[in-house]
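Some notes on the structure that comes next.
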Amino acid sequence: MTTRVGDWFDERLGWRGVWEAIFLRKIPKVNWLFTLGSATLFVATTQIVTGILLTIYYVPTPDHAYDSVQFITTQVPAGWFIRGLHHYGASAMVVLAALHMLRVIFMGAYKFPREMTWFTGVVLLVITVGFGFTGYLLPWDQKAFWATTVGTQIAGAAPGVGDWVLRIMRGGEELSAITLARFFGVHVWVLPAALILLLAIHMYLVIRIGISAPPKKEE
Ligand code: HEM
């Protein structure tokens, strides 16, 4: 029955070819270090799911942001768990992406023909750090407020464009409701869109080129 349904869809969508290319492709014998990219991908997926769930209750205004986060943590069923997953997942994603990058460096996997995989990876790392920076402000507590004050000040110290960058980030001279709205917009729309696009290219390249295995002694 399931095969017939599968065949019906395959005749119309050709999904079996895609499935085979992604999940049944041949890969060389590799070790556990090669799972770091997939581990990062897994955490990125849970971040998207838990992030979407958090937006159901989170309110991105100075009057309500702090209270809405407290409400999620203490009143919403399993809210503490979803928030916890998102909170620790953010750190886990940075650590895993960095370890994945180290594996790529030490095994020389960035070399021809994988330069574009490396390049999209670098952008993915910047996006991941951007998620951390913008997300940190959202609870709108003292720690969030002052960390972002300092963070934007550091960006403001850049020669030439610093002042302009600081005002773009804050939406004015000081941290305000505009800063919170801006960080929220970037955190839930701009960065996820960029992440999904870059991930699609990164994964397409990994599948197209095939995973690199460390050369054997005789090679
Ligand atoms: C959001 C972050 C990232 C995700 C989800 C991700 C995901 C993956 C996955 C699943 C693979 C295949 C399995 C593996 O090699 O572990 C891979 C391969 C690769 N990634 Fe990433 N990656 C990310 C960030 C990066 C970064 C920061 C770099 C380097 C700057 C990078 C460069 C590469 C390269 C060169 C390969 C090919 C490795 C090979 O063929 O041996 N990636 N990535």
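Identifiers in the structure tokens: chain A, B, ... in order shown; residue index from 1 per chain; ligand index from 1 in order shown.
Neighbours of Val186 in chain A closer than or equal to 10 Å, with only C-alpha atoms counted and sequence neighbours fewer than 5 positions away skipped, come out as Gly130, Phe131, Thr134, Gly135, Leu180, Ala181, Leu191, Pro192 and Ala193 of chain A.
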Save the residues we just selected, N, CA and C atoms, as a PDB file, in the first residue's frame?
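The resulting part-v3.pdb:
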ATOM      1  N   GLY A 130      25.388  36.449  14.853  1.00  0.00           N
ATOM      2  CA  GLY A 130      24.373  37.511  14.762  1.00  0.00           C
ATOM      3  C   GLY A 130      23.107  37.138  15.521  1.00  0.00           C
ATOM      4  N   PHE A 131      22.725  35.860  15.454  1.00  0.00           N
ATOM      5  CA  PHE A 131      21.571  35.377  16.217  1.00  0.00           C
ATOM      6  C   PHE A 131      21.810  35.587  17.713  1.00  0.00           C
ATOM      7  N   THR A 134      21.715  39.489  18.602  1.00  0.00           N
ATOM      8  CA  THR A 134      20.376  40.109  18.577  1.00  0.00           C
ATOM      9  C   THR A 134      19.442  39.461  19.613  1.00  0.00           C
ATOM     10  N   GLY A 135      19.608  38.138  19.819  1.00  0.00           N
ATOM     11  CA  GLY A 135      18.736  37.439  20.764  1.00  0.00           C
ATOM     12  C   GLY A 135      18.985  37.853  22.198  1.00  0.00           C
ATOM     13  N   LEU A 180      14.913  47.622  20.272  1.00  0.00           N
ATOM     14  CA  LEU A 180      14.307  46.321  20.560  1.00  0.00           C
ATOM     15  C   LEU A 180      13.545  45.793  19.337  1.00  0.00           C
ATOM     16  N   ALA A 181      12.762  46.658  18.706  1.00  0.00           N
ATOM     17  CA  ALA A 181      11.991  46.249  17.522  1.00  0.00           C
ATOM     18  C   ALA A 181      12.940  45.823  16.401  1.00  0.00           C
ATOM     19  N   LEU A 191      17.748  37.197   9.822  1.00  0.00           N
ATOM     20  CA  LEU A 191      18.740  36.131  10.023  1.00  0.00           C
ATOM     21  C   LEU A 191      18.200  34.741   9.675  1.00  0.00           C
ATOM     22  N   PRO A 192      16.962  34.370  10.089  1.00  0.00           N
ATOM     23  CA  PRO A 192      16.465  33.051   9.678  1.00  0.00           C
ATOM     24  C   PRO A 192      16.392  32.901   8.155  1.00  0.00           C
ATOM     25  N   ALA A 193      15.962  33.964   7.450  1.00  0.00           N
ATOM     26  CA  ALA A 193      15.891  33.876   5.981  1.00  0.00           C
ATOM     27  C   ALA A 193      17.291  33.647   5.412  1.00  0.00           C
TER      28      ALA A 193
END
Pull the alpha helix (DSSP H) assignments for range 45-214 of chain A out of DSSP run on the backbone, and list those residues as an MDAnalysis selection string.
chainID A and resid 45:55 65:74 79:106 115:137 142:156 162:170 177:185 191:209
Show me which residues line ligand 1, defined as having an atom within 6 Å of a ligand atom where only C-alpha atoms and all ligand atoms count, and present them as a list of chain:residue names.
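Listing the residues within 6 Å of ligand 1 gives A:Phe34, A:Thr35, A:Leu36, A:Gly37, A:Ser38, A:Thr40, A:Leu41, A:Ala97, A:Met101, A:Val104, A:Ala109, A:Tyr110, A:Arg114, A:Thr117, A:Trp118, A:Gly121, A:Val122, A:Leu124, A:Leu125, A:Val206, A:Ile211, A:Ser212.
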Let's have the selection written as an mmCIF file, in the first residue's frame, with C-alpha atoms.
data_model
loop_
_atom_site.group_PDB
_atom_site.id
_atom_site.type_symbol
_atom_site.label_atom_id
_atom_site.label_comp_id
_atom_site.auth_asym_id
_atom_site.auth_seq_id
_atom_site.Cartn_x
_atom_site.Cartn_y
_atom_site.Cartn_z
ATOM 1 C CA PHE A 34 32.387 14.231 10.558
ATOM 2 C CA THR A 35 29.123 14.350 12.506
ATOM 3 C CA LEU A 36 29.784 17.894 13.808
ATOM 4 C CA GLY A 37 28.150 19.542 10.766
ATOM 5 C CA SER A 38 25.034 17.391 11.151
ATOM 6 C CA THR A 40 25.043 21.856 14.101
ATOM 7 C CA LEU A 41 22.245 21.320 11.587
ATOM 8 C CA ALA A 97 29.745 25.336 14.340
ATOM 9 C CA MET A 101 35.005 24.563 11.271
ATOM 10 C CA VAL A 104 37.351 21.317 8.297
ATOM 11 C CA ALA A 109 38.464 20.005 3.697
ATOM 12 C CA TYR A 110 38.290 23.679 2.611
ATOM 13 C CA ARG A 114 35.157 22.866 -1.603
ATOM 14 C CA THR A 117 31.314 25.218 0.867
ATOM 15 C CA TRP A 118 33.896 26.922 3.088
ATOM 16 C CA GLY A 121 30.235 28.176 6.064
ATOM 17 C CA VAL A 122 31.975 31.427 7.032
ATOM 18 C CA LEU A 124 26.795 30.774 8.347
ATOM 19 C CA LEU A 125 29.116 31.344 11.303
ATOM 20 C CA VAL A 206 28.059 18.934 0.418
ATOM 21 C CA ILE A 211 32.149 14.498 1.699
ATOM 22 C CA SER A 212 35.968 14.556 1.832
#
Pro214 in chain A: which residues within 12 Å, counting only C-alpha atoms, same-chain residues fewer than 4 positions away excluded, as a list in words?
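Close residues of Pro214 in chain A: Pro28, Lys29, Val30, Asn31, Leu33, Phe34, Arg103, Val104, Ile105, Phe106, Met107, Gly108, Ala109, Glu218 and Glu219 of chain A.
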Leaving out range 66-77 of chain A and any residue of its chain fewer than 6 positions from it, which residues lie within 7 Å of it when counting only C-alpha atoms, given as a list in words?
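The neighbour list is Tyr57, Tyr58, Val59, Pro139, Trp140 and Asp141 of chain A.
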Produce a file of the selected residues containing N, CA, C and O atoms, as a PDB file, in the first residue's frame.
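Produced file result-v8.pdb, reproduced below:
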ATOM      1  N   TYR A  57       4.266  33.841  22.608  1.00  0.00           N
ATOM      2  CA  TYR A  57       4.013  34.620  23.825  1.00  0.00           C
ATOM      3  C   TYR A  57       4.890  35.856  23.969  1.00  0.00           C
ATOM      4  O   TYR A  57       4.559  36.765  24.727  1.00  0.00           O
ATOM      5  N   TYR A  58       6.040  35.882  23.292  1.00  0.00           N
ATOM      6  CA  TYR A  58       6.977  36.997  23.473  1.00  0.00           C
ATOM      7  C   TYR A  58       6.423  38.275  22.829  1.00  0.00           C
ATOM      8  O   TYR A  58       5.866  38.252  21.730  1.00  0.00           O
ATOM      9  N   VAL A  59       6.583  39.416  23.534  1.00  0.00           N
ATOM     10  CA  VAL A  59       6.116  40.714  23.009  1.00  0.00           C
ATOM     11  C   VAL A  59       7.325  41.659  22.911  1.00  0.00           C
ATOM     12  O   VAL A  59       7.929  41.983  23.931  1.00  0.00           O
ATOM     13  N   PRO A 139      15.247  39.547  26.101  1.00  0.00           N
ATOM     14  CA  PRO A 139      14.612  39.479  27.429  1.00  0.00           C
ATOM     15  C   PRO A 139      14.451  40.858  28.086  1.00  0.00           C
ATOM     16  O   PRO A 139      13.686  41.010  29.035  1.00  0.00           O
ATOM     17  N   TRP A 140      15.176  41.854  27.593  1.00  0.00           N
ATOM     18  CA  TRP A 140      15.050  43.259  28.037  1.00  0.00           C
ATOM     19  C   TRP A 140      15.202  43.390  29.559  1.00  0.00           C
ATOM     20  O   TRP A 140      14.476  44.140  30.218  1.00  0.00           O
ATOM     21  N   ASP A 141      16.153  42.636  30.125  1.00  0.00           N
ATOM     22  CA  ASP A 141      16.486  42.822  31.543  1.00  0.00           C
ATOM     23  C   ASP A 141      17.774  43.644  31.615  1.00  0.00           C
ATOM     24  O   ASP A 141      18.297  44.081  30.580  1.00  0.00           O
TER      25      ASP A 141
END
One decimal, in Å: what's the spacing between CA of Ile201 in chain A and CA of Glu115 in chain A?
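Computing the Euclidean distance for CA of Ile201 in chain A and CA of Glu115 in chain A yields 12.6 Å.
Among the candidates A:Ala44, A:Thr61, A:Ala39, A:Ile22, the residue lying nearest to Gly185 in chain A is A:Thr61 (atoms considered: only C-alpha atoms).
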